[in-house]
file input_31.txt (compact mmCIF, C-alpha atoms and all ligand atoms)
# COMPACT_ATOMS: atom_id res chain seq x y z
CA MET A 1 -158.01 42.68 -16.17
CA SER A 2 -154.88 41.48 -14.37
CA TYR A 3 -153.24 38.25 -15.46
CA GLU A 4 -152.07 35.31 -13.36
CA GLN A 5 -151.72 32.47 -15.86
CA ILE A 6 -150.26 34.40 -18.77
CA ARG A 7 -147.83 37.27 -19.04
CA PHE A 8 -148.58 40.10 -21.43
CA GLU A 9 -146.58 43.12 -22.51
CA SER A 10 -146.58 45.38 -25.51
CA SER A 11 -143.99 47.93 -26.55
CA GLY A 12 -142.18 49.12 -29.66
CA GLY A 13 -144.83 47.53 -31.90
CA ILE A 14 -144.23 44.06 -30.39
CA ALA A 15 -146.94 42.40 -28.26
CA ARG A 16 -145.84 39.37 -26.26
CA ILE A 17 -148.02 36.72 -24.64
CA LYS A 18 -146.35 34.05 -22.54
CA LEU A 19 -148.34 31.10 -21.20
CA ASN A 20 -147.37 30.99 -17.57
CA ARG A 21 -148.17 27.73 -15.74
CA PRO A 22 -144.76 26.07 -16.15
CA ASP A 23 -145.30 23.46 -13.41
CA ARG A 24 -148.23 22.11 -15.50
CA LEU A 25 -146.44 22.59 -18.83
CA ASN A 26 -148.68 25.64 -19.45
CA SER A 27 -151.78 23.51 -19.93
CA PHE A 28 -155.02 25.38 -20.49
CA THR A 29 -157.47 26.20 -17.69
CA THR A 30 -160.67 28.21 -18.02
CA GLN A 31 -158.88 31.11 -16.34
CA MET A 32 -156.00 30.96 -18.80
CA HIS A 33 -158.48 31.02 -21.69
CA GLU A 34 -160.22 34.08 -20.18
CA GLU A 35 -156.90 35.87 -19.79
CA LEU A 36 -155.82 34.94 -23.32
CA ARG A 37 -159.09 36.22 -24.80
CA ASP A 38 -158.65 39.51 -22.98
CA ALA A 39 -155.01 39.92 -24.08
CA LEU A 40 -155.82 39.04 -27.71
CA ARG A 41 -158.65 41.58 -27.71
CA ARG A 42 -156.19 44.21 -26.45
CA VAL A 43 -153.72 43.35 -29.21
CA GLY A 44 -156.49 43.59 -31.81
CA ASP A 45 -157.54 47.01 -30.48
CA ASP A 46 -154.00 48.38 -30.35
CA ALA A 47 -153.21 50.19 -33.60
CA SER A 48 -149.53 50.43 -32.61
CA ALA A 49 -149.07 46.63 -32.40
CA ARG A 50 -147.25 45.32 -35.51
CA VAL A 51 -146.56 41.70 -34.46
CA LEU A 52 -147.64 39.27 -31.73
CA LEU A 53 -145.41 36.67 -30.09
CA LEU A 54 -147.00 33.64 -28.41
CA THR A 55 -144.68 31.45 -26.34
CA GLY A 56 -144.51 29.48 -23.11
CA GLU A 57 -142.68 29.79 -19.79
CA GLY A 58 -140.36 27.00 -18.65
CA ARG A 59 -139.54 23.73 -20.39
CA GLY A 60 -142.83 23.30 -22.26
CA PHE A 61 -144.86 25.35 -24.70
CA CYS A 62 -148.30 23.99 -23.82
CA ALA A 63 -149.61 20.51 -22.93
CA GLY A 64 -153.18 21.21 -24.11
CA GLN A 65 -156.18 21.08 -21.83
CA ASP A 66 -155.41 20.79 -18.09
CA LEU A 67 -156.67 17.26 -17.51
CA ALA A 68 -156.87 17.82 -13.75
CA ASP A 69 -159.86 20.05 -14.57
CA ARG A 70 -161.48 17.07 -16.28
CA ALA A 71 -161.33 14.64 -13.37
CA VAL A 72 -164.85 13.54 -12.52
CA ALA A 73 -165.85 11.07 -9.85
CA PRO A 74 -167.93 8.03 -10.90
CA GLY A 75 -171.58 9.09 -10.98
CA ASP A 76 -170.80 12.79 -11.60
CA THR A 77 -172.26 14.47 -14.68
CA PRO A 78 -169.59 14.36 -17.43
CA VAL A 79 -168.02 17.66 -18.49
CA ASP A 80 -169.54 19.04 -21.71
CA LEU A 81 -166.47 19.19 -23.93
CA GLY A 82 -168.52 20.74 -26.75
CA ALA A 83 -169.16 23.74 -24.52
CA SER A 84 -165.46 23.93 -23.72
CA ILE A 85 -164.66 24.02 -27.45
CA ASP A 86 -167.32 26.66 -28.14
CA ASN A 87 -166.39 28.88 -25.21
CA ASN A 88 -162.62 28.50 -25.22
CA TYR A 89 -160.78 26.76 -28.03
CA ARG A 90 -162.84 27.93 -31.02
CA PRO A 91 -162.64 31.64 -30.04
CA LEU A 92 -158.91 31.28 -29.36
CA VAL A 93 -158.12 29.78 -32.77
CA LEU A 94 -160.29 32.34 -34.57
CA ALA A 95 -158.78 35.25 -32.63
CA LEU A 96 -155.26 34.17 -33.60
CA ARG A 97 -156.21 33.64 -37.24
CA ASN A 98 -158.15 36.90 -37.54
CA LEU A 99 -155.61 39.27 -35.96
CA ALA A 100 -154.59 41.80 -38.63
CA LEU A 101 -150.87 41.35 -37.95
CA PRO A 102 -148.39 38.47 -38.08
CA VAL A 103 -148.56 36.07 -35.14
CA VAL A 104 -145.26 34.35 -34.35
CA CYS A 105 -145.44 31.24 -32.21
CA ALA A 106 -142.12 30.41 -30.54
CA VAL A 107 -142.44 26.78 -29.47
CA ASN A 108 -139.99 26.58 -26.59
CA GLY A 109 -140.66 22.94 -25.64
CA VAL A 110 -143.27 20.22 -25.90
CA ALA A 111 -146.54 21.21 -27.61
CA ALA A 112 -149.21 18.56 -26.99
CA GLY A 113 -152.93 18.24 -27.67
CA ALA A 114 -154.57 21.62 -28.14
CA GLY A 115 -151.17 23.14 -27.33
CA ALA A 116 -149.81 21.76 -30.61
CA ASN A 117 -152.77 22.96 -32.64
CA ILE A 118 -152.85 26.44 -31.13
CA ALA A 119 -149.26 26.74 -32.37
CA LEU A 120 -150.40 25.66 -35.86
CA ALA A 121 -153.10 28.36 -35.81
CA CYS A 122 -150.33 30.99 -35.70
CA ASP A 123 -148.75 32.42 -38.85
CA ILE A 124 -145.08 31.63 -38.31
CA VAL A 125 -144.11 28.72 -36.08
CA ILE A 126 -140.49 28.63 -35.00
CA ALA A 127 -139.44 25.85 -32.64
CA THR A 128 -136.37 25.15 -30.61
CA ARG A 129 -134.64 21.89 -31.65
CA SER A 130 -135.53 20.17 -28.36
CA ALA A 131 -139.25 20.95 -28.81
CA SER A 132 -141.77 18.38 -30.01
CA PHE A 133 -145.34 18.14 -31.27
CA ILE A 134 -147.79 15.49 -30.02
CA GLN A 135 -151.37 14.98 -31.17
CA ALA A 136 -152.08 13.47 -27.75
CA PHE A 137 -155.87 13.40 -28.16
CA CYS A 138 -156.08 9.78 -29.34
CA ARG A 139 -154.37 8.66 -26.11
CA ILE A 140 -157.48 9.78 -24.20
CA GLY A 141 -160.13 8.88 -26.77
CA LEU A 142 -160.61 12.34 -28.35
CA ILE A 143 -160.07 13.82 -31.81
CA PRO A 144 -157.59 16.60 -32.58
CA ASP A 145 -159.35 19.87 -31.77
CA ALA A 146 -158.35 23.55 -31.75
CA GLY A 147 -158.30 23.26 -35.57
CA GLY A 148 -156.12 20.14 -35.70
CA THR A 149 -158.28 18.28 -38.22
CA PHE A 150 -158.19 21.40 -40.43
CA PHE A 151 -154.52 22.32 -40.14
CA LEU A 152 -152.84 18.90 -40.16
CA PRO A 153 -153.93 17.55 -43.57
CA ARG A 154 -153.40 20.94 -45.18
CA LEU A 155 -149.88 21.27 -43.79
CA VAL A 156 -148.50 17.73 -44.05
CA GLY A 157 -150.95 15.82 -46.29
CA SER A 158 -153.53 13.25 -45.28
CA ALA A 159 -151.21 10.24 -44.81
CA ARG A 160 -149.02 12.02 -42.27
CA ALA A 161 -151.98 13.79 -40.66
CA MET A 162 -153.71 10.44 -40.19
CA GLY A 163 -150.59 8.84 -38.72
CA LEU A 164 -150.01 11.70 -36.29
CA ALA A 165 -153.66 11.83 -35.19
CA LEU A 166 -154.22 8.05 -34.90
CA LEU A 167 -150.91 7.18 -33.23
CA GLY A 168 -150.26 10.26 -31.09
CA ASP A 169 -146.51 9.79 -31.56
CA LYS A 170 -144.03 12.51 -30.70
CA LEU A 171 -142.83 14.48 -33.73
CA THR A 172 -139.51 16.21 -33.17
CA ALA A 173 -139.15 19.87 -34.14
CA GLU A 174 -136.66 18.82 -36.81
CA GLN A 175 -139.16 16.37 -38.36
CA ALA A 176 -141.90 18.99 -38.06
CA GLN A 177 -139.79 21.35 -40.15
CA GLU A 178 -138.93 18.62 -42.69
CA TRP A 179 -142.61 17.73 -43.05
CA GLY A 180 -143.68 21.36 -43.51
CA LEU A 181 -145.69 21.43 -40.30
CA ILE A 182 -143.75 24.47 -39.06
CA TRP A 183 -141.67 27.26 -40.57
CA LYS A 184 -138.38 26.58 -38.86
CA CYS A 185 -136.53 24.58 -36.21
CA VAL A 186 -133.45 26.26 -34.72
CA ASP A 187 -130.75 25.19 -32.29
CA ASP A 188 -131.64 25.84 -28.65
CA GLU A 189 -128.74 28.32 -28.22
CA ALA A 190 -129.87 30.37 -31.25
CA PHE A 191 -133.61 30.22 -30.47
CA ALA A 192 -134.00 33.47 -28.48
CA SER A 193 -131.97 35.57 -30.91
CA GLU A 194 -133.77 34.11 -33.98
CA VAL A 195 -137.15 34.88 -32.40
CA ASP A 196 -136.02 38.43 -31.55
CA ALA A 197 -134.82 38.96 -35.13
CA LEU A 198 -138.20 37.83 -36.51
CA LEU A 199 -140.06 40.17 -34.15
CA ALA A 200 -137.78 43.10 -35.01
CA HIS A 201 -138.36 42.42 -38.71
CA PHE A 202 -142.15 42.36 -38.38
CA ALA A 203 -142.19 45.45 -36.13
CA GLN A 204 -140.84 47.45 -39.11
CA ALA A 205 -142.87 45.71 -41.83
CA PRO A 206 -145.85 46.95 -43.89
CA THR A 207 -148.36 45.45 -41.44
CA GLY A 208 -151.50 46.24 -43.47
CA GLY A 209 -150.04 44.39 -46.44
CA LEU A 210 -149.08 41.42 -44.29
CA ALA A 211 -152.58 41.28 -42.82
CA ALA A 212 -153.92 41.10 -46.39
CA VAL A 213 -151.46 38.27 -47.16
CA LYS A 214 -152.86 36.33 -44.18
CA ARG A 215 -156.45 36.88 -45.28
CA ALA A 216 -155.70 35.86 -48.87
CA LEU A 217 -153.84 32.66 -47.97
CA HIS A 218 -156.50 31.63 -45.46
CA ALA A 219 -159.28 32.28 -47.98
CA SER A 220 -157.55 30.18 -50.65
CA ALA A 221 -158.40 26.94 -48.81
CA GLY A 222 -162.09 27.40 -49.65
CA ASN A 223 -161.90 29.34 -52.95
CA THR A 224 -161.81 28.41 -56.63
CA LEU A 225 -159.00 29.88 -58.74
CA GLU A 226 -161.48 32.39 -60.19
CA GLU A 227 -162.53 33.51 -56.71
CA GLN A 228 -158.96 33.75 -55.53
CA LEU A 229 -157.92 35.83 -58.55
CA ALA A 230 -160.79 38.22 -57.80
CA LEU A 231 -159.73 38.41 -54.16
CA GLU A 232 -156.14 39.21 -55.21
CA ARG A 233 -157.38 41.98 -57.51
CA ASP A 234 -159.48 43.54 -54.75
CA ALA A 235 -156.67 43.31 -52.21
CA GLN A 236 -154.11 44.88 -54.58
CA ARG A 237 -156.56 47.66 -55.41
CA THR A 238 -156.88 48.51 -51.71
CA LEU A 239 -153.17 48.06 -50.92
CA GLY A 240 -152.17 50.15 -53.95
CA ARG A 241 -153.75 53.13 -52.21
CA SER A 242 -151.87 52.57 -48.94
CA ALA A 243 -149.11 54.76 -47.55
CA ASP A 244 -146.85 51.73 -47.11
CA TYR A 245 -147.09 50.76 -50.78
CA ARG A 246 -146.15 54.28 -51.83
CA GLU A 247 -143.30 54.29 -49.31
CA GLY A 248 -142.08 50.89 -50.51
CA VAL A 249 -141.91 52.00 -54.14
CA ALA A 250 -140.37 55.39 -53.26
CA ALA A 251 -137.71 53.70 -51.11
CA PHE A 252 -136.90 51.19 -53.85
CA LEU A 253 -136.46 53.91 -56.46
CA ALA A 254 -134.39 56.07 -54.11
CA LYS A 255 -132.26 53.04 -53.16
CA ARG A 256 -132.89 53.59 -49.43
CA PRO A 257 -134.47 51.39 -46.75
CA PRO A 258 -138.26 51.84 -46.46
CA ASN A 259 -139.80 53.45 -43.41
CA PHE A 260 -143.13 51.64 -43.14
CA THR A 261 -145.82 52.87 -40.75
CA GLY A 262 -147.92 49.72 -40.96
CA ARG A 263 -150.79 51.51 -42.73
O1 LIG A 301 -161.30 19.08 -22.33
C1 LIG A 301 -161.63 19.87 -23.21
O2 LIG A 301 -161.97 21.04 -22.96
C2 LIG A 301 -161.58 19.42 -24.64
C3 LIG A 301 -160.33 19.87 -25.27
C4 LIG A 301 -159.21 19.14 -25.18
C5 LIG A 301 -157.94 19.65 -25.72
C6 LIG A 301 -156.74 18.82 -25.33
O3 LIG A 301 -155.69 19.39 -25.34
S1 LIG A 301 -156.93 17.17 -24.95
C7 LIG A 301 -155.23 16.66 -24.71
C8 LIG A 301 -154.73 17.03 -23.33
N1 LIG A 301 -153.29 16.88 -23.21
C9 LIG A 301 -152.69 15.71 -23.09
O4 LIG A 301 -153.27 14.65 -23.14
C10 LIG A 301 -151.19 15.76 -22.84
C11 LIG A 301 -150.90 15.31 -21.43
N2 LIG A 301 -149.47 15.46 -21.11
C12 LIG A 301 -148.56 14.58 -21.55
O5 LIG A 301 -148.84 13.64 -22.26
C13 LIG A 301 -147.16 14.81 -21.10
O6 LIG A 301 -147.17 15.63 -19.96
C14 LIG A 301 -146.26 15.46 -22.17
C15 LIG A 301 -146.00 14.44 -23.30
C16 LIG A 301 -146.89 16.72 -22.74
C17 LIG A 301 -144.90 15.86 -21.54
O7 LIG A 301 -144.35 14.74 -20.88
P1 LIG A 301 -143.15 14.96 -19.86
O8 LIG A 301 -142.71 13.59 -19.43
O9 LIG A 301 -142.13 15.84 -20.47
O10 LIG A 301 -143.76 15.78 -18.64
P2 LIG A 301 -144.74 15.24 -17.48
O11 LIG A 301 -143.93 14.74 -16.34
O12 LIG A 301 -145.75 14.32 -18.05
O13 LIG A 301 -145.49 16.60 -17.06
C18 LIG A 301 -144.94 17.53 -16.14
C19 LIG A 301 -146.03 17.91 -15.17
O14 LIG A 301 -147.07 18.56 -15.90
C20 LIG A 301 -146.66 16.67 -14.52
O15 LIG A 301 -147.06 17.01 -13.23
P3 LIG A 301 -146.23 16.46 -11.94
O16 LIG A 301 -146.15 14.99 -12.06
O17 LIG A 301 -144.88 17.14 -12.06
O18 LIG A 301 -147.02 16.96 -10.76
C21 LIG A 301 -147.88 16.44 -15.37
O19 LIG A 301 -148.92 15.76 -14.70
C22 LIG A 301 -148.29 17.87 -15.68
N3 LIG A 301 -149.06 17.91 -16.93
C23 LIG A 301 -148.61 17.73 -18.17
N4 LIG A 301 -149.62 17.84 -19.03
C24 LIG A 301 -150.72 18.11 -18.33
C25 LIG A 301 -150.38 18.15 -16.98
N5 LIG A 301 -151.28 18.37 -16.01
C26 LIG A 301 -152.55 18.56 -16.39
N6 LIG A 301 -152.96 18.52 -17.68
C27 LIG A 301 -152.08 18.30 -18.68
N7 LIG A 301 -152.48 18.31 -19.95
call {"tool": "encode", "arguments": {"input": "input_31.txt", "output": "structure tokens"}}
result
Amino acid sequence: MSYEQIRFESSGGIARIKLNRPDRLNSFTTQMHEELRDALRRVGDDASARVLLLTGEGRGFCAGQDLADRAVAPGDTPVDLGASIDNNYRPLVLALRNLALPVVCAVNGVAAGAGANIALACDIVIATRSASFIQAFCRIGLIPDAGGTFFLPRLVGSARAMGLALLGDKLTAEQAQEWGLIWKCVDDEAFASEVDALLAHFAQAPTGGLAAVKRALHASAGNTLEEQLALERDAQRTLGRSADYREGVAAFLAKRPPNFTGR
């Protein structure tokens, strides 16, 4: 499949997806969703990929659903937004969450509506200081989707989640970091180099172990302590047999840097 609305490349263990409709602040169309699904499937199938970067072209990260696609004339049958969620947003969120490698979202500008929540579905969210997050749904009579009602209260607590979702106010990247919505906000001049450093780090990391970290932390939201302790035991049992664990211990004892293969 060739891509028109995203850019995709993968080399040196680093897969990169860039949303590429800058004149529309990279808002989602059906075509963009199709291209994203295809690229994410390729990343999942690529055993050499150790980290995925998701970012946007131009001055915005993503302004959510392209509302021009939702314009209906009076008397037309309304668009079935439930079908749009089932076919597009739900698979996208699950694909990002289920990838067995770290997903870094570099929020290069405004992230609004589903654009904000797709960022929150990623594992590490790093934003440039001039970026912002807007739960714009309430401005058009919708609820936060793309996992927003799941992620927001878990990340920032229910009072702040409610305020963000009911008011639709702009949250600066700095506030987002202070509130624990994202990992980090960095100065615009340092943004590209900080993102590159993160990607370089993950490209050399014990990827299988990091995938297990993701699974364990995601599972904890629905588990009791007993269940989570059992999950940790099972994961350590599996990881203890991995080449990367043996390499990590050997490197520590030999006082040398580890050479992880990701397995
Ligand atoms: O429908 C379903 O399938 C259900 C799922 C829904 C998920 C959702 O995401 S619903 C929420 C949709 N998104 C929004 O409501 C956000 C709309 N955009 C904005 O509020 C603002 O654009 C921003 C706050 C994000 C940025 O404002 P600003 O002033 O920096 O930029 P701008 O001038 O508004 O936008 C620049 C251009 O992008 C502009 O076009 P123009 O005037 O230059 O020709 C604007 O119309 C266009 N644009 C921005 N967002 C969208 C968009 N065009 C289509 N759809 C958009 N979402």
call {"tool": "residues_near_ligand", "arguments": {"input": "input_31.txt", "ligand": "ligand LIG 301 (chain A)", "cutoff": "9 Å", "atoms": "only C-alpha atoms and all ligand atoms", "output": "VMD selection string"}}
result
chain A and resid 22 to 30 59 to 60 62 to 70 79 to 85 88 to 89 109 to 117 132 to 140 142 to 146 170
call {"tool": "atom_distance", "arguments": {"input": "input_31.txt", "atom1": "CA of Ser158 (chain A)", "atom2": "CA of Ile182 (chain A)"}}
result
16.1 Å
call {"tool": "residues_near_point", "arguments": {"input": "input_31.txt", "point": "(-146.2, 15.7, -42.2)", "cutoff": "12 Å", "atoms": "all atoms listed in the file", "output": "list in words"}}
result
Phe133, Phe151, Leu152, Pro153, Arg154, Leu155, Val156, Gly157, Ser158, Ala159, Arg160, Ala161, Met162, Gly163, Leu164, Ala165, Leu171, Thr172, Ala173, Glu174, Gln175, Ala176, Gln177, Glu178, Trp179, Gly180, Leu181 and Ile182 of chain A
call {"tool": "closest_residue", "arguments": {"input": "input_31.txt", "among": "A:Thr238, A:Gln5, A:Gln31, A:Ser193", "to": "Leu19 (chain A)", "atoms": "only C-alpha atoms"}}
result
A:Gln5
call {"tool": "closest_residue", "arguments": {"input": "input_31.txt", "among": "A:Ala251, A:Leu99, A:Leu198, A:Cys185", "to": "Asp45 (chain A)", "atoms": "all atoms listed in the file"}}
result
A:Leu99
call {"tool": "closest_residue", "arguments": {"input": "input_31.txt", "among": "A:Leu199, A:Val104, A:Leu36, A:Ile124", "to": "Pro91 (chain A)", "atoms": "all atoms listed in the file"}}
result
A:Leu36
